[in-house]
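*Asks:* Have a look at this one before I ask anything.
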Amino acid sequence: MIEMTSDFSGQTVICTFEMTPATASELMEKLQSAYSEVISKSPGFIGAGLHMNDAQTRIATYSKWRERGDYQAMLRSPEMIDRNRYIYTLCRSFEPVMYEIAADY
């Protein structure tokens with residue numbers, strides 16, 4: 001389990017995916033595969049969580065990285081470029097946003 005604390009100095013990335021219930025299971029499978037086989041093995045990766053809403057219309061992921069460049073390098077890897085091409089076909093929209101933790105409770 002990832003710990004979210006305000007003293008973390010690395011990069012936090014939260015991604016949201018919008019999809020239909022018809023593609024939700026396949027999208028989650030592809031994301032889990034990407035995290036298991038590629039993302040979690042990338043330099044600077046600390047940890048991640050994947051969540052799906054009850055209606056199966058949104059998936060949210062969050063990940064922690066040693067630094068912003070580590071996340072960006074993972075996205076630019078040939079393996080992730082190929083995987084993301086397919087992942088994008090399963091969702092209406094995809095939005096990765098980089099955050100700094102402002103507070104924790």
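The way I read the labels, and the way they are meant: chains A, B, ... in the order of the structure tokens, residue 1 as the first residue of every chain, and ligand 1 as the first ligand shown, with later ones counted on from there.
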If you run DSSP on the backbone, which residues of chain A are strand (DSSP E), as a VMD selection string?

*Replies:* chain A and resid 11 to 18 45 to 52 58 to 65 93 to 99

*Asks:* Mind listing the helix (DSSP H, G or I) residues of stretch 9-102 of chain A, per DSSP on the backbone, as an MDAnalysis selection string?

*Replies:* chainID A and resid 21:37 39:41 68:76 78:89

*Asks:* Show which residues sit within 8 Å of A:Glu79, as a PyMOL selection string. Count only C-alpha atoms, and ignore same-chain residues fewer than 3 positions away.

*Replies:* chain A and resi 38+82-83

*Asks:* Once you have the residues from the selection above, write them out as an mmCIF file, in the first residue's frame, restricted to N, CA and C atoms.

*Replies:*
```
data_model
loop_
_atom_site.group_PDB
_atom_site.id
_atom_site.type_symbol
_atom_site.label_atom_id
_atom_site.label_comp_id
_atom_site.auth_asym_id
_atom_site.auth_seq_id
_atom_site.Cartn_x
_atom_site.Cartn_y
_atom_site.Cartn_z
ATOM 1 N N VAL A 38 5.560 -3.569 -16.853
ATOM 2 C CA VAL A 38 6.435 -2.494 -17.319
ATOM 3 C C VAL A 38 6.609 -1.377 -16.285
ATOM 4 N N ASP A 82 3.614 1.664 -27.237
ATOM 5 C CA ASP A 82 2.769 0.645 -27.876
ATOM 6 C C ASP A 82 1.547 0.312 -27.031
ATOM 7 N N ARG A 83 1.766 0.095 -25.744
ATOM 8 C CA ARG A 83 0.642 -0.243 -24.865
ATOM 9 C C ARG A 83 -0.378 0.896 -24.809
#
```

*Asks:* Tell me which protein, DNA and RNA residues are within 8 Å of stretch 11-21 of chain A, counting only C-alpha atoms, leaving out same-chain ones fewer than 6 positions away, and put them as a ChimeraX atom specification.

*Replies:* /A:55-68,90-101

*Asks:* Report, in Å with one decimal, the straight-line distance from atom CA of A:Ser40 to atom CA of A:Ala22.

*Replies:*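 Interatomic distance here is 27.0 Å.
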
*Asks:* At what distance in Å, to one decimal, does atom CA of A:Ile2 lie from atom CA of A:Tyr88?

*Replies:* 25.9 Å

*Asks:* Given only C-alpha atoms as the basis, pick out the residue of A:Ser9, A:Asp70, A:Met80, A:Met4 nearest to A:Tyr35.

*Replies:*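 Of A:Ser9, A:Asp70, A:Met80, A:Met4, the one nearest A:Tyr35 is A:Met80, counting only C-alpha atoms.
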
*Asks:* Atom CA of A:Leu75 to atom CA of A:Ser25: how many Å, to one decimal?

*Replies:*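 Going from atom CA of A:Leu75 over to atom CA of A:Ser25 covers 22.5 Å.
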
*Asks:* Within 9 Å of A:Ala73, counting only C-alpha atoms, which residues show up once you throw out same-chain ones fewer than 4 positions away? Write them as a short mmCIF file (atom, residue, chain, number, x, y, z; two decimals) with C-alpha atoms, in the first residue's frame, please.

*Replies:*
```cif
data_model
loop_
_atom_site.label_atom_id
_atom_site.label_comp_id
_atom_site.auth_asym_id
_atom_site.auth_seq_id
_atom_site.Cartn_x
_atom_site.Cartn_y
_atom_site.Cartn_z
CA SER A 42 10.70 1.32 -14.39
CA PRO A 43 13.50 3.26 -12.67
CA ARG A 68 9.12 13.76 -12.56
CA GLY A 69 11.71 12.69 -15.14
CA SER A 77 9.64 3.94 -23.54
#
```

*Asks:* Write out as JSON, numbers by chain which residues come within 8 Å of A:Ser6 when counting only C-alpha atoms, dropping same-chain ones fewer than 6 positions away.

*Replies:* {"A": [101, 102, 103, 104]}

*Asks:* Residues as selected, N, CA, C and O atoms, written as a compact mmCIF listing (two decimals), in the first residue's frame, can you do that?

*Replies:*
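Saved file out_16.txt follows:
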```txt
# COMPACT_ATOMS: atom_id res chain seq x y z
N ILE A 101 1.83 16.76 -3.07
CA ILE A 101 0.93 16.60 -1.93
C ILE A 101 1.01 17.82 -1.05
O ILE A 101 2.09 18.21 -0.59
N ALA A 102 -0.14 18.46 -0.85
CA ALA A 102 -0.19 19.69 -0.06
C ALA A 102 -0.43 19.39 1.42
O ALA A 102 0.06 20.13 2.29
N ALA A 103 -1.19 18.35 1.73
CA ALA A 103 -1.48 18.02 3.12
C ALA A 103 -1.90 16.56 3.21
O ALA A 103 -2.35 15.98 2.21
N ASP A 104 -1.75 15.97 4.35
CA ASP A 104 -2.23 14.61 4.59
C ASP A 104 -2.89 14.57 5.95
O ASP A 104 -2.50 15.30 6.86
```
